[in-house]
Amino acid sequence: MNDRSVAAEEAFTNRQVQWQAVVSALTDHLHRVAGPAFDVEDLASPRHNVLVGHGVGGIGKSTFSRKIEAALSPQGGRPAQWDAPSWPMERILPLRIDLARSTGVDFERVVLSLRLALAALGRPMPAFDLALRRHWERNHPGESLEEYLRRGGLFSRFAGAVNLPQQMQSTLGDVAQALALPGTVGGALGQLTTTLVGALRERRQTVRALAGCERLADILEAEPDLETLSFATHLLSWDLAQLPAAQQVVPVILFDTFEDVGDRTNRDLERLLQRIVWLMPQAFFVITGRNRLQWAEDGLHGQLDWTGPSAWPGLADHPPASHGNTAAAQRQILLGDFSPEDCEDHLARRLSRDGHPLINDNLRHAIAARSHGLPLYLDLAVMRFLEIRRSGRDPQPADFGDFPALISRTVSDLTTDERHVLRSVSLLDAFSVPLATQVAGLTHDAAALRLTERPFIREDPQGLWPFHLHQVVRSAIRHAEDHTDDRWSPQDWHRAATRALAALGHEWRHGPQRDRAMLIDCLRQGLRLARDHHLEDLDWLVDAAYGYIADSVWEPLAPTTSPGPQPGPDTPADALAELLAAIGRRQHEHRERTAERLTTVLDTGLLSGELAELALYYRAKAYKDLGRTDDALDGYHQVAESGGRLAPRGRRGLAQLARIRGAFPTALAAVPALGWKGRHHRVLGHIWFPHGDTERATAAFEAARAEAEQHDAPGERAIAQTLLALVVAFADPLRADDELALAHQYLAPLDQRATAYYAAVAALVRDAGTDGDVIDRAAALHAESTGAGLPWLTPLIETTVAFHHAVRGADDDLTATIDRLREVTADGDFAYYVDIATAMGDLPQPAGSAVQWIDDAHTVRQRWRGLVIARQDHLHGTQ
């Protein structure tokens with residue numbers, strides 16, 4: 001492109017959000033050190049003087065660190081996008097130290113850099129300078145500090161460095177004069193130190209200026225090695241605190257490339273650096289590196305001096321309650337992907353014409369969205385933009401998809417094994433090192449371990465599997481045309497998918513974490529692999545499907561098809577995916593839609609016997625909910641007679657249908673054979689509840705809840721608790737408040753629409769007889785449940801309204817409600833609710849009632865009438 005009006009520049013992405021985190025944390029720190037409770041010699045209190053910026057290599061951490069140093073410097077170098085802080089800049093003294101191995105920085109040079117930065121203040125640091133001079137004499141005999149600084153280049157970096165030797169000499173002279181010692185030549189340093197320590201121990205008035213430093217004598221007496229030098233930084237902190245108020249400064253020390261300090265088994269240098277942070281509480285530290293700081297982990301006790309969330313509340317994932325959450329959440333910030341705003345800002349500044357962005361708003365937005373914040377993608381997008389412009393046409397959003405060049409750039413410096421692992425894990429949403437090794441078919445973890453250190457690998461320590469590929473890199477590897485020499489053939493991808501499916505099954509069945517979260521993640525990935533790669537052997541996915549439906553939790557499974565109209569299932573994996581999608585989505589779709597989807601997948605003939613049984617059972621449940629009792633009866637019969645895993649549920653379905661038809665003895669006779677898998681206690685509660693026997697119904701639902709807890713089944717526990725609340729609401733509205741609160745607590749993390757409707761009915765029952773807007777709420781609930789394809793709730797809602805009218809003595813309204821009940825139960829399902837409603841109002845028993853009660857009808861009617869009278873008495877007593 002020969003258009004000279006187009007300017008290309010290296011754009012700094014502003015990181016404004018992260019800058020605000022720095023400003024917020026530093027502002028909090030300044031308030032702390034200015035407070036009356038702050039004590040620089042307090043070595044026990046928790047530390048809040050550190051902020052960590054972590055992220056993958058090449059993402060801009062060092063640039064961010066340099067920009068912070070510039071923004072805090074008196075000369076002013078703050079990027080225009082960054083807001084100005086509120087505190088006076090002259091109070092801040094920034095110092096950035098790059099800890100990269102390539103810089104050759106060791107701990108001694110770190111400490112010297114701290115002292116040299118403070119030399120610009122023009123004041124001796126007497127306590128520290130004595131310790132530093134003693135350290136230097138012992139560890140650098142015959143070499144002057146001045147010569148070392150000049151030879152090491154430190155003089156040229158620090159403007160005030162030339163003053164340090166004179167300041168140290170001034171300190172020695174002042175101390176010698178106070179002790180009445182002759183001269184301060186190097187040979188007399190030992191005598192001066194010994195005499196000073198004695199004077200400090202004896203608390204002589206002649207050294208009162210230093211006597212206030214409690215630990216000076218101990219540090220001067222200690223062996224002058226690196227350990228002592230690290231503790232001597234406490235003296236530097238004390239010296240700073242003695243400066244006159246007008247000269248007080250807060251050092252902001254930026255440790256960059258912290259990952260080069262050492263590995264996670266050798267923490268010797270990290271321990272020394274941590275001491276500086278702890279022993280200089282009035283200094284503020286900004287640490288940037290690839291990894292989060294682990295100092296708040298108790299497991300590091302013994303490797304570092306101060307560990308655990310109580311010591312470093314701001315670095316903990318969950319700060320201790322005793323320290324509050326002030327600024328804690330911002331003390332470990334991610335410097336990873338650019339934010340969408342940063343991406344667009346980068347693109348706007350990268351190419352411009354006459355000061356205006358060359359890439360228009362819409363295109364910048366599209367590129368930013370597809371980049372997922374990856375700087376490399378943005379750079380490739382800029383190059384593609386220029387290339388398309390050279391061809392004479394305007395670039396469009398469709399031109400920016402997956403970049404083949406991203407693959408070559410990503411794998412260019414990887415070993416053969418690392419490339420193999422990379423392509424293998426691109427099949428997975430997330431992975432661990434052992435899982436990656438299995439999927440790659442390797443016999444050793446080394447390649448996978450090395451791969452996790454690469455900048456395109458993201459780490460989430462809280463995830464089931466801690467690692468995942470950056471989304472753009474993964475998409476490119478999976479979908480962009482691969483021109484590398486070791487690219488995979490379709491057969492290679494198929495074999496890798498087969499290995500991945502087997503590895504996921506092994507994780508679920510034999511992994512260290514065999515819980516529902518592991519099941520769901522394995523199932524999501526396994527279904528996608530089996531579908532996308534046409535894997536015929538579903539193997540463990542069948543067992544996982546049964547695990548998914550075991551507890552009525554209904555976590556959403558990841559979409560298994562792209563948006564838009566889709567063809568019907570044409571492989572067993574497609575059929576299984578559609579089956580589980582239909583079952584899970586029934587909480588959000590009309591039951592008629594659920595029945596249609598299950599019928600369609602059954603008609604394909606692609607489901608194996610066990611999976612076909614699963615479809616039959618849930619279609620029967622949908623038919624039951626829709627009031628298609630005969631169709632439900634047929635489905636439940638097939639499942640019960642199959643003798644398969646769902647046979648107990650099929651028998652439960654038959655028992656529930658008998659109860660719905662009012663054949664209570666038949667339902668009761670079926671209970672002993674149901675067991676836990678057939679939810680026997682819950683069925684028993686459903687039987688006793690219509691009988692008005694709230695004591696036995698409550699006991700049954702309590703037993704159901706206890707059994708669910710015993711089997712670690714939160715979904716069943718929520719159902720049992722909600723039904724318990726419903727029964728209790730009729731008998732004891734005060735207790736119902738607590739039971740409903742617990743039910744809502746159990747339901748909160750679940751996806752159980754029908755159970756949530758039960759809870760709404762329970763709330764209506766609790767409020768029956770009051771002015772609690774019962775009728776309008778009941779009408780709204782009726783409309784919502786009917787729209788969801790759950791007409792079976794209508795008789796229960798109308799019975800609740802009847803209870804309300806009976807309590808209030810509204811005979812005409814009660815009669816109208818009973819008439820509606822007759823209409824909605826005309827087919828015989830739930831006809832016993834008409835008997836219950838008439839009993840509530842003490843009206844004659846319906847003629848020709850076909851209900852087969854377990855107890856005699858008179859007893860049942862007395863119980864329901866008694867509940868109405870008890871509610872009336874309760875309401876009268878509260879007035």
# chains A, B, ... in the order shown; residues from 1 in each chain; ligands from 1
$ residues_around --residues "stretch 733-737 of chain A" --least-positions-apart "4" --cutoff "10 Å" --atoms "only C-alpha atoms" --output "list in words"
Leu724, Ala725, Leu726, Val727, Val728, Ala729, Ala741, Leu742, Ala743, Ala762, Ala763, Val765, Arg766, Asp767, Ala768, Arg871 and His874 of chain A
$ select_by_dssp --residues "stretch 411-583 of chain A" --states "strand (DSSP E or B)" --output "ChimeraX atom specification"
/A:431,457-459,467-469
$ write_last_selection --atoms "C-alpha atoms" --output "mmCIF file, in the first residue's frame"
data_model
loop_
_atom_site.group_PDB
_atom_site.id
_atom_site.type_symbol
_atom_site.label_atom_id
_atom_site.label_comp_id
_atom_site.auth_asym_id
_atom_site.auth_seq_id
_atom_site.Cartn_x
_atom_site.Cartn_y
_atom_site.Cartn_z
ATOM 1 C CA PHE A 431 -7.991 -30.381 30.513
ATOM 2 C CA ILE A 457 -2.951 -21.776 27.700
ATOM 3 C CA ARG A 458 -5.296 -20.296 30.274
ATOM 4 C CA GLU A 459 -5.402 -21.571 33.844
ATOM 5 C CA PHE A 467 -6.251 -25.595 31.792
ATOM 6 C CA HIS A 468 -7.903 -24.580 28.551
ATOM 7 C CA LEU A 469 -6.787 -23.221 25.227
#
$ residues_around --residues "A:Thr452" --least-positions-apart "5" --cutoff "12 Å" --atoms "only C-alpha atoms" --output "PyMOL selection string"
chain A and resi 56-57+290+414+418+421-422+425+430-434+436-437+445-447+457-460+465-470
$ write_last_selection --atoms "C-alpha atoms" --output "short mmCIF file (atom, residue, chain, number, x, y, z; two decimals), in the first residue's frame"
data_model
loop_
_atom_site.label_atom_id
_atom_site.label_comp_id
_atom_site.auth_asym_id
_atom_site.auth_seq_id
_atom_site.Cartn_x
_atom_site.Cartn_y
_atom_site.Cartn_z
CA VAL A 56 0.31 -15.18 30.30
CA GLY A 57 3.58 -14.30 28.64
CA ARG A 290 2.71 -15.02 34.97
CA LEU A 414 6.82 -26.16 20.03
CA GLU A 418 3.96 -30.46 22.26
CA VAL A 421 -0.66 -32.51 22.62
CA LEU A 422 -1.84 -29.06 21.48
CA VAL A 425 -6.42 -30.81 23.69
CA ALA A 430 -10.67 -27.93 29.47
CA PHE A 431 -7.99 -30.38 30.51
CA SER A 432 -5.51 -31.43 33.16
CA VAL A 433 -1.99 -32.64 32.45
CA PRO A 434 -2.89 -36.36 32.89
CA ALA A 436 -3.99 -34.17 27.99
CA THR A 437 -1.44 -36.99 28.04
CA ASP A 445 3.49 -36.03 30.94
CA ALA A 446 6.51 -33.91 30.01
CA ALA A 447 5.07 -32.47 26.78
CA ILE A 457 -2.95 -21.78 27.70
CA ARG A 458 -5.30 -20.30 30.27
CA GLU A 459 -5.40 -21.57 33.84
CA ASP A 460 -8.36 -21.65 36.18
CA TRP A 465 -9.63 -29.32 34.86
CA PRO A 466 -7.41 -26.29 35.36
CA PHE A 467 -6.25 -25.60 31.79
CA HIS A 468 -7.90 -24.58 28.55
CA LEU A 469 -6.79 -23.22 25.23
CA HIS A 470 -7.42 -19.61 24.41
#
$ closest_atom_pairs --of "stretch 106-169 of chain A" --to "stretch 273-288 of chain A" --cutoff "10 Å" --atoms "only C-alpha atoms" --output "CSV"
residue,atom,partner,partner_atom,distance
A:Phe107,CA,A:Leu273,CA,7.7
A:Val110,CA,A:Leu273,CA,8.7
A:Val111,CA,A:Ile276,CA,8.7
$ residues_around --residues "stretch 746-752 of chain A" --least-positions-apart "3" --cutoff "10 Å" --atoms "only C-alpha atoms" --output "compact mmCIF listing (two decimals) with all heavy atoms, in the first residue's frame"
# COMPACT_ATOMS: atom_id res chain seq x y z
N SER A 552 -32.78 -35.31 39.16
CA SER A 552 -33.70 -34.21 38.83
C SER A 552 -33.09 -32.85 39.08
O SER A 552 -33.75 -31.94 39.59
CB SER A 552 -35.00 -34.35 39.66
OG SER A 552 -35.58 -35.61 39.48
N VAL A 553 -31.83 -32.67 38.72
CA VAL A 553 -31.18 -31.38 38.88
C VAL A 553 -31.29 -30.55 37.60
O VAL A 553 -31.54 -29.36 37.62
CB VAL A 553 -29.71 -31.54 39.30
CG1 VAL A 553 -29.02 -30.18 39.39
CG2 VAL A 553 -29.62 -32.26 40.64
N TRP A 554 -31.08 -31.17 36.46
CA TRP A 554 -31.31 -30.57 35.14
C TRP A 554 -30.39 -29.40 34.84
O TRP A 554 -30.82 -28.34 34.42
CB TRP A 554 -32.78 -30.16 34.97
CG TRP A 554 -33.75 -31.22 35.41
CD1 TRP A 554 -34.74 -31.09 36.33
CD2 TRP A 554 -33.78 -32.57 34.98
NE1 TRP A 554 -35.39 -32.26 36.50
CE2 TRP A 554 -34.84 -33.21 35.68
CE3 TRP A 554 -33.04 -33.33 34.07
CZ2 TRP A 554 -35.15 -34.56 35.51
CZ3 TRP A 554 -33.36 -34.66 33.89
CH2 TRP A 554 -34.40 -35.27 34.59
N GLU A 555 -29.09 -29.60 35.07
CA GLU A 555 -28.15 -28.59 34.60
C GLU A 555 -28.25 -28.50 33.07
O GLU A 555 -28.42 -29.49 32.39
CB GLU A 555 -26.71 -28.96 34.96
CG GLU A 555 -26.47 -29.13 36.43
CD GLU A 555 -26.62 -30.56 36.91
OE1 GLU A 555 -27.37 -31.33 36.27
OE2 GLU A 555 -26.01 -30.91 37.91
N PRO A 556 -28.13 -27.29 32.53
CA PRO A 556 -28.16 -27.20 31.06
C PRO A 556 -26.92 -27.83 30.46
O PRO A 556 -25.80 -27.56 30.89
CB PRO A 556 -28.20 -25.68 30.81
CG PRO A 556 -27.59 -25.08 32.05
CD PRO A 556 -27.96 -25.98 33.19
N GLY A 584 -33.73 -32.34 29.47
CA GLY A 584 -33.31 -31.18 30.24
C GLY A 584 -34.14 -29.94 29.95
O GLY A 584 -34.47 -29.18 30.85
N ARG A 585 -34.53 -29.77 28.68
CA ARG A 585 -35.28 -28.58 28.30
C ARG A 585 -36.74 -28.62 28.71
O ARG A 585 -37.45 -27.62 28.60
CB ARG A 585 -35.21 -28.38 26.78
CG ARG A 585 -33.87 -27.88 26.28
CD ARG A 585 -33.60 -26.47 26.70
NE ARG A 585 -34.61 -25.54 26.24
CZ ARG A 585 -34.72 -24.29 26.64
NH1 ARG A 585 -33.90 -23.82 27.54
NH2 ARG A 585 -35.67 -23.49 26.16
N ARG A 586 -37.20 -29.76 29.20
CA ARG A 586 -38.61 -29.84 29.58
C ARG A 586 -38.95 -28.88 30.70
O ARG A 586 -40.12 -28.54 30.89
CB ARG A 586 -38.97 -31.27 29.99
CG ARG A 586 -38.14 -31.82 31.11
CD ARG A 586 -38.25 -33.34 31.22
NE ARG A 586 -39.37 -33.73 32.02
CZ ARG A 586 -39.36 -33.86 33.35
NH1 ARG A 586 -38.24 -33.59 34.01
NH2 ARG A 586 -40.41 -34.25 34.00
N GLN A 587 -37.93 -28.40 31.43
CA GLN A 587 -38.17 -27.40 32.46
C GLN A 587 -38.46 -26.02 31.86
O GLN A 587 -38.87 -25.11 32.57
CB GLN A 587 -36.95 -27.30 33.39
CG GLN A 587 -36.56 -28.61 34.06
CD GLN A 587 -37.67 -29.17 34.94
OE1 GLN A 587 -38.36 -28.42 35.62
NE2 GLN A 587 -37.85 -30.48 34.92
N HIS A 588 -38.22 -25.88 30.56
CA HIS A 588 -38.37 -24.58 29.91
C HIS A 588 -39.27 -24.63 28.69
O HIS A 588 -39.48 -23.60 28.05
CB HIS A 588 -37.00 -24.03 29.51
CG HIS A 588 -36.04 -23.93 30.66
ND1 HIS A 588 -36.04 -22.88 31.54
CD2 HIS A 588 -35.07 -24.78 31.08
CE1 HIS A 588 -35.10 -23.08 32.45
NE2 HIS A 588 -34.49 -24.23 32.20
N PRO A 714 -29.49 -33.79 45.95
CA PRO A 714 -30.08 -32.48 46.23
C PRO A 714 -31.38 -32.21 45.48
O PRO A 714 -32.25 -31.49 45.96
CB PRO A 714 -28.99 -31.50 45.83
CG PRO A 714 -28.10 -32.26 44.91
CD PRO A 714 -28.15 -33.68 45.36
N GLY A 715 -31.52 -32.78 44.28
CA GLY A 715 -32.76 -32.56 43.53
C GLY A 715 -33.95 -33.20 44.22
O GLY A 715 -35.00 -32.57 44.39
N GLU A 716 -33.80 -34.44 44.65
CA GLU A 716 -34.88 -35.12 45.36
C GLU A 716 -35.13 -34.47 46.71
O GLU A 716 -36.28 -34.38 47.16
CB GLU A 716 -34.53 -36.60 45.53
CG GLU A 716 -35.54 -37.42 46.32
CD GLU A 716 -36.92 -37.46 45.66
OE1 GLU A 716 -37.02 -37.25 44.43
OE2 GLU A 716 -37.91 -37.71 46.37
N ARG A 717 -34.09 -34.03 47.36
CA ARG A 717 -34.25 -33.34 48.64
C ARG A 717 -35.11 -32.09 48.48
O ARG A 717 -35.99 -31.82 49.31
CB ARG A 717 -32.88 -32.95 49.18
CG ARG A 717 -32.94 -32.22 50.52
CD ARG A 717 -31.56 -31.79 50.99
NE ARG A 717 -30.97 -30.80 50.10
CZ ARG A 717 -29.81 -30.18 50.33
NH1 ARG A 717 -29.13 -30.46 51.43
NH2 ARG A 717 -29.33 -29.30 49.47
N ALA A 718 -34.90 -31.34 47.41
CA ALA A 718 -35.68 -30.13 47.17
C ALA A 718 -37.15 -30.47 46.93
O ALA A 718 -38.05 -29.77 47.41
CB ALA A 718 -35.12 -29.36 45.99
N ILE A 719 -37.39 -31.54 46.17
CA ILE A 719 -38.78 -31.94 45.91
C ILE A 719 -39.47 -32.33 47.20
O ILE A 719 -40.59 -31.88 47.50
CB ILE A 719 -38.81 -33.12 44.90
CG1 ILE A 719 -38.26 -32.66 43.54
CG2 ILE A 719 -40.22 -33.67 44.76
CD1 ILE A 719 -38.07 -33.80 42.56
N GLN A 721 -38.71 -31.53 50.29
CA GLN A 721 -38.88 -30.39 51.19
C GLN A 721 -40.02 -29.50 50.73
O GLN A 721 -40.79 -28.98 51.56
CB GLN A 721 -37.59 -29.58 51.25
CG GLN A 721 -37.68 -28.31 52.08
CD GLN A 721 -38.04 -28.57 53.53
OE1 GLN A 721 -37.63 -29.59 54.10
NE2 GLN A 721 -38.81 -27.68 54.14
N THR A 722 -40.18 -29.31 49.44
CA THR A 722 -41.26 -28.46 48.94
C THR A 722 -42.62 -29.09 49.21
O THR A 722 -43.58 -28.41 49.60
CB THR A 722 -41.08 -28.21 47.44
OG1 THR A 722 -39.77 -27.66 47.21
CG2 THR A 722 -42.12 -27.24 46.90
N LEU A 740 -40.93 -23.31 53.96
CA LEU A 740 -40.84 -22.71 52.62
C LEU A 740 -39.49 -22.04 52.40
O LEU A 740 -38.92 -22.12 51.30
CB LEU A 740 -41.96 -21.68 52.43
CG LEU A 740 -43.23 -22.16 51.73
CD1 LEU A 740 -44.29 -21.07 51.73
CD2 LEU A 740 -42.92 -22.60 50.30
N ALA A 741 -38.98 -21.40 53.40
CA ALA A 741 -37.66 -20.76 53.28
C ALA A 741 -36.60 -21.81 52.96
O ALA A 741 -35.72 -21.59 52.10
CB ALA A 741 -37.30 -20.01 54.56
N LEU A 742 -36.68 -22.95 53.64
CA LEU A 742 -35.73 -24.02 53.37
C LEU A 742 -35.93 -24.59 51.97
O LEU A 742 -34.97 -24.90 51.26
CB LEU A 742 -35.88 -25.11 54.43
CG LEU A 742 -34.86 -26.26 54.38
CD1 LEU A 742 -33.43 -25.72 54.49
CD2 LEU A 742 -35.14 -27.28 55.47
N ALA A 743 -37.19 -24.72 51.56
CA ALA A 743 -37.47 -25.22 50.22
C ALA A 743 -36.86 -24.30 49.16
O ALA A 743 -36.24 -24.75 48.19
CB ALA A 743 -38.98 -25.35 50.00
N THR A 755 -41.52 -28.14 40.56
CA THR A 755 -41.37 -28.06 42.01
C THR A 755 -41.50 -26.62 42.49
O THR A 755 -42.06 -26.35 43.57
CB THR A 755 -40.01 -28.64 42.43
OG1 THR A 755 -39.83 -29.92 41.81
CG2 THR A 755 -39.94 -28.81 43.93
N ALA A 756 -40.99 -25.68 41.71
CA ALA A 756 -41.14 -24.27 42.07
C ALA A 756 -42.62 -23.87 42.09
O ALA A 756 -43.04 -23.06 42.92
CB ALA A 756 -40.36 -23.40 41.09
N TYR A 757 -43.43 -24.45 41.19
CA TYR A 757 -44.86 -24.18 41.22
C TYR A 757 -45.50 -24.74 42.49
O TYR A 757 -46.39 -24.13 43.08
CB TYR A 757 -45.54 -24.79 39.99
CG TYR A 757 -45.24 -24.07 38.70
CD1 TYR A 757 -45.29 -24.75 37.48
CD2 TYR A 757 -44.92 -22.72 38.67
CE1 TYR A 757 -45.02 -24.09 36.29
CE2 TYR A 757 -44.66 -22.06 37.49
CZ TYR A 757 -44.70 -22.75 36.30
OH TYR A 757 -44.44 -22.10 35.11
N ALA A 759 -44.05 -24.91 45.32
CA ALA A 759 -43.70 -23.95 46.37
C ALA A 759 -44.63 -22.73 46.33
O ALA A 759 -45.03 -22.20 47.38
CB ALA A 759 -42.25 -23.51 46.22
$ atom_distance --atom1 "atom CA of A:Arg516" --atom2 "atom CA of A:Leu579"
19.2 Å
$ atom_distance --atom1 "atom CA of A:Ala241" --atom2 "atom CA of A:Leu26"
18.1 Å
$ residues_around --residues "stretch 846-853 of chain A" --least-positions-apart "3" --cutoff "8 Å" --atoms "only C-alpha atoms" --output "VMD selection string"
chain A and resid 661 to 665 691 831 to 832 834 to 835 838 856 to 857
$ write_last_selection --atoms "all heavy atoms" --output "short mmCIF file (atom, residue, chain, number, x, y, z; two decimals), in the first residue's frame"
data_model
loop_
_atom_site.label_atom_id
_atom_site.label_comp_id
_atom_site.auth_asym_id
_atom_site.auth_seq_id
_atom_site.Cartn_x
_atom_site.Cartn_y
_atom_site.Cartn_z
N ARG A 661 -56.05 -41.31 39.81
CA ARG A 661 -57.39 -41.81 39.48
C ARG A 661 -58.23 -42.04 40.73
O ARG A 661 -59.40 -42.45 40.64
CB ARG A 661 -57.26 -43.11 38.67
CG ARG A 661 -56.82 -42.87 37.23
CD ARG A 661 -57.97 -42.27 36.43
NE ARG A 661 -57.61 -41.87 35.09
CZ ARG A 661 -57.65 -42.68 34.02
NH1 ARG A 661 -58.02 -43.94 34.15
NH2 ARG A 661 -57.33 -42.21 32.84
N GLY A 662 -57.63 -41.84 41.93
CA GLY A 662 -58.38 -42.02 43.16
C GLY A 662 -58.38 -43.44 43.67
O GLY A 662 -59.11 -43.76 44.62
N ALA A 663 -57.56 -44.32 43.10
CA ALA A 663 -57.46 -45.71 43.55
C ALA A 663 -56.35 -45.79 44.60
O ALA A 663 -55.28 -46.39 44.38
CB ALA A 663 -57.18 -46.64 42.38
N PHE A 664 -56.59 -45.24 45.76
CA PHE A 664 -55.55 -45.13 46.77
C PHE A 664 -55.07 -46.48 47.32
O PHE A 664 -53.87 -46.65 47.55
CB PHE A 664 -56.02 -44.22 47.91
CG PHE A 664 -56.12 -42.78 47.52
CD1 PHE A 664 -57.36 -42.18 47.33
CD2 PHE A 664 -54.98 -42.02 47.33
CE1 PHE A 664 -57.45 -40.84 46.97
CE2 PHE A 664 -55.06 -40.68 46.97
CZ PHE A 664 -56.30 -40.09 46.77
N PRO A 665 -55.95 -47.46 47.54
CA PRO A 665 -55.45 -48.77 48.01
C PRO A 665 -54.48 -49.39 47.01
O PRO A 665 -53.48 -50.02 47.42
CB PRO A 665 -56.73 -49.60 48.16
CG PRO A 665 -57.80 -48.58 48.41
CD PRO A 665 -57.43 -47.41 47.56
N HIS A 691 -55.74 -37.53 51.92
CA HIS A 691 -56.56 -38.02 53.02
C HIS A 691 -56.67 -37.01 54.16
O HIS A 691 -57.33 -37.28 55.17
CB HIS A 691 -56.01 -39.34 53.57
CG HIS A 691 -56.25 -40.52 52.65
ND1 HIS A 691 -55.55 -40.72 51.50
CD2 HIS A 691 -57.15 -41.54 52.75
CE1 HIS A 691 -55.98 -41.83 50.91
NE2 HIS A 691 -56.96 -42.36 51.65
N ALA A 831 -60.20 -36.39 40.71
CA ALA A 831 -61.59 -36.14 41.10
C ALA A 831 -61.74 -36.04 42.62
O ALA A 831 -62.69 -35.43 43.12
CB ALA A 831 -62.50 -37.24 40.55
N TYR A 832 -60.78 -36.62 43.35
CA TYR A 832 -60.89 -36.57 44.81
C TYR A 832 -60.78 -35.15 45.35
O TYR A 832 -61.18 -34.87 46.47
CB TYR A 832 -59.84 -37.47 45.47
CG TYR A 832 -58.41 -37.23 45.05
CD1 TYR A 832 -57.66 -36.20 45.60
CD2 TYR A 832 -57.78 -38.08 44.13
CE1 TYR A 832 -56.34 -36.01 45.23
CE2 TYR A 832 -56.47 -37.90 43.75
CZ TYR A 832 -55.75 -36.85 44.31
OH TYR A 832 -54.45 -36.68 43.95
N VAL A 834 -62.57 -32.72 44.39
CA VAL A 834 -63.95 -32.24 44.55
C VAL A 834 -64.46 -32.68 45.92
O VAL A 834 -65.10 -31.89 46.64
CB VAL A 834 -64.84 -32.76 43.42
CG1 VAL A 834 -66.29 -32.32 43.63
CG2 VAL A 834 -64.33 -32.28 42.07
N ASP A 835 -64.18 -33.94 46.28
CA ASP A 835 -64.58 -34.42 47.61
C ASP A 835 -63.92 -33.59 48.71
O ASP A 835 -64.57 -33.23 49.71
CB ASP A 835 -64.18 -35.89 47.78
CG ASP A 835 -64.95 -36.82 46.85
OD1 ASP A 835 -64.96 -36.56 45.64
OD2 ASP A 835 -65.53 -37.80 47.35
N THR A 838 -65.54 -30.01 48.96
CA THR A 838 -66.86 -30.00 49.61
C THR A 838 -66.71 -30.23 51.11
O THR A 838 -67.44 -29.64 51.92
CB THR A 838 -67.76 -31.07 49.00
OG1 THR A 838 -67.15 -32.36 49.12
CG2 THR A 838 -68.04 -30.78 47.53
N ASP A 856 -62.03 -44.40 55.93
CA ASP A 856 -63.41 -44.18 55.50
C ASP A 856 -63.60 -42.71 55.11
O ASP A 856 -62.92 -41.81 55.61
CB ASP A 856 -64.40 -44.57 56.60
CG ASP A 856 -64.23 -43.70 57.85
OD1 ASP A 856 -63.36 -44.07 58.69
OD2 ASP A 856 -64.91 -42.67 57.94
N ALA A 857 -64.52 -42.46 54.20
CA ALA A 857 -64.73 -41.13 53.64
C ALA A 857 -65.08 -40.12 54.73
O ALA A 857 -64.68 -38.95 54.65
CB ALA A 857 -65.83 -41.18 52.59
#
$ atom_distance --atom1 "atom CA of A:Trp676" --atom2 "atom CA of A:Ala632"
21.9 Å
$ select_by_dssp --residues "stretch 241-426 of chain A" --states "alpha helix (DSSP H)" --output "PyMOL selection string"
chain A and resi 241+268-279+340-350+361-371+375-390+404-411+416-425
$ residues_around --residues "stretch 88-99 of chain A" --least-positions-apart "4" --cutoff "6 Å" --atoms "only C-alpha atoms" --output "PyMOL selection string"
chain A and resi 69+249-257
$ write_last_selection --atoms "N, CA and C atoms" --output "compact mmCIF listing (two decimals), in the first residue's frame"
# COMPACT_ATOMS: atom_id res chain seq x y z
N GLU A 69 5.06 2.87 36.60
CA GLU A 69 6.20 3.63 37.11
C GLU A 69 6.22 5.04 36.53
N VAL A 249 7.53 10.14 52.32
CA VAL A 249 7.13 9.59 51.02
C VAL A 249 6.66 8.15 51.21
N VAL A 250 5.91 7.68 50.26
CA VAL A 250 5.49 6.28 50.23
C VAL A 250 6.14 5.63 49.02
N PRO A 251 7.10 4.76 49.23
CA PRO A 251 7.70 4.07 48.08
C PRO A 251 6.68 3.13 47.42
N VAL A 252 6.62 3.16 46.11
CA VAL A 252 5.84 2.20 45.34
C VAL A 252 6.84 1.36 44.57
N ILE A 253 6.99 0.14 44.97
CA ILE A 253 8.03 -0.75 44.43
C ILE A 253 7.37 -1.74 43.48
N LEU A 254 7.82 -1.75 42.25
CA LEU A 254 7.23 -2.62 41.24
C LEU A 254 8.20 -3.76 40.93
N PHE A 255 7.85 -4.96 41.33
CA PHE A 255 8.63 -6.15 41.01
C PHE A 255 8.03 -6.77 39.74
N ASP A 256 8.77 -6.74 38.65
CA ASP A 256 8.27 -7.29 37.38
C ASP A 256 8.96 -8.63 37.09
N THR A 257 8.32 -9.42 36.23
CA THR A 257 8.81 -10.75 35.84
C THR A 257 9.02 -11.63 37.07
$ residues_around --residues "A:Val860" --least-positions-apart "4" --cutoff "10 Å" --atoms "only C-alpha atoms" --output "PyMOL selection string"
chain A and resi 690-693+835-836+839+853-856+864-866
$ closest_residue --among "A:Gln81, A:Gln656, A:Ser24, A:Thr694" --to "A:His680" --atoms "only C-alpha atoms"
A:Gln656
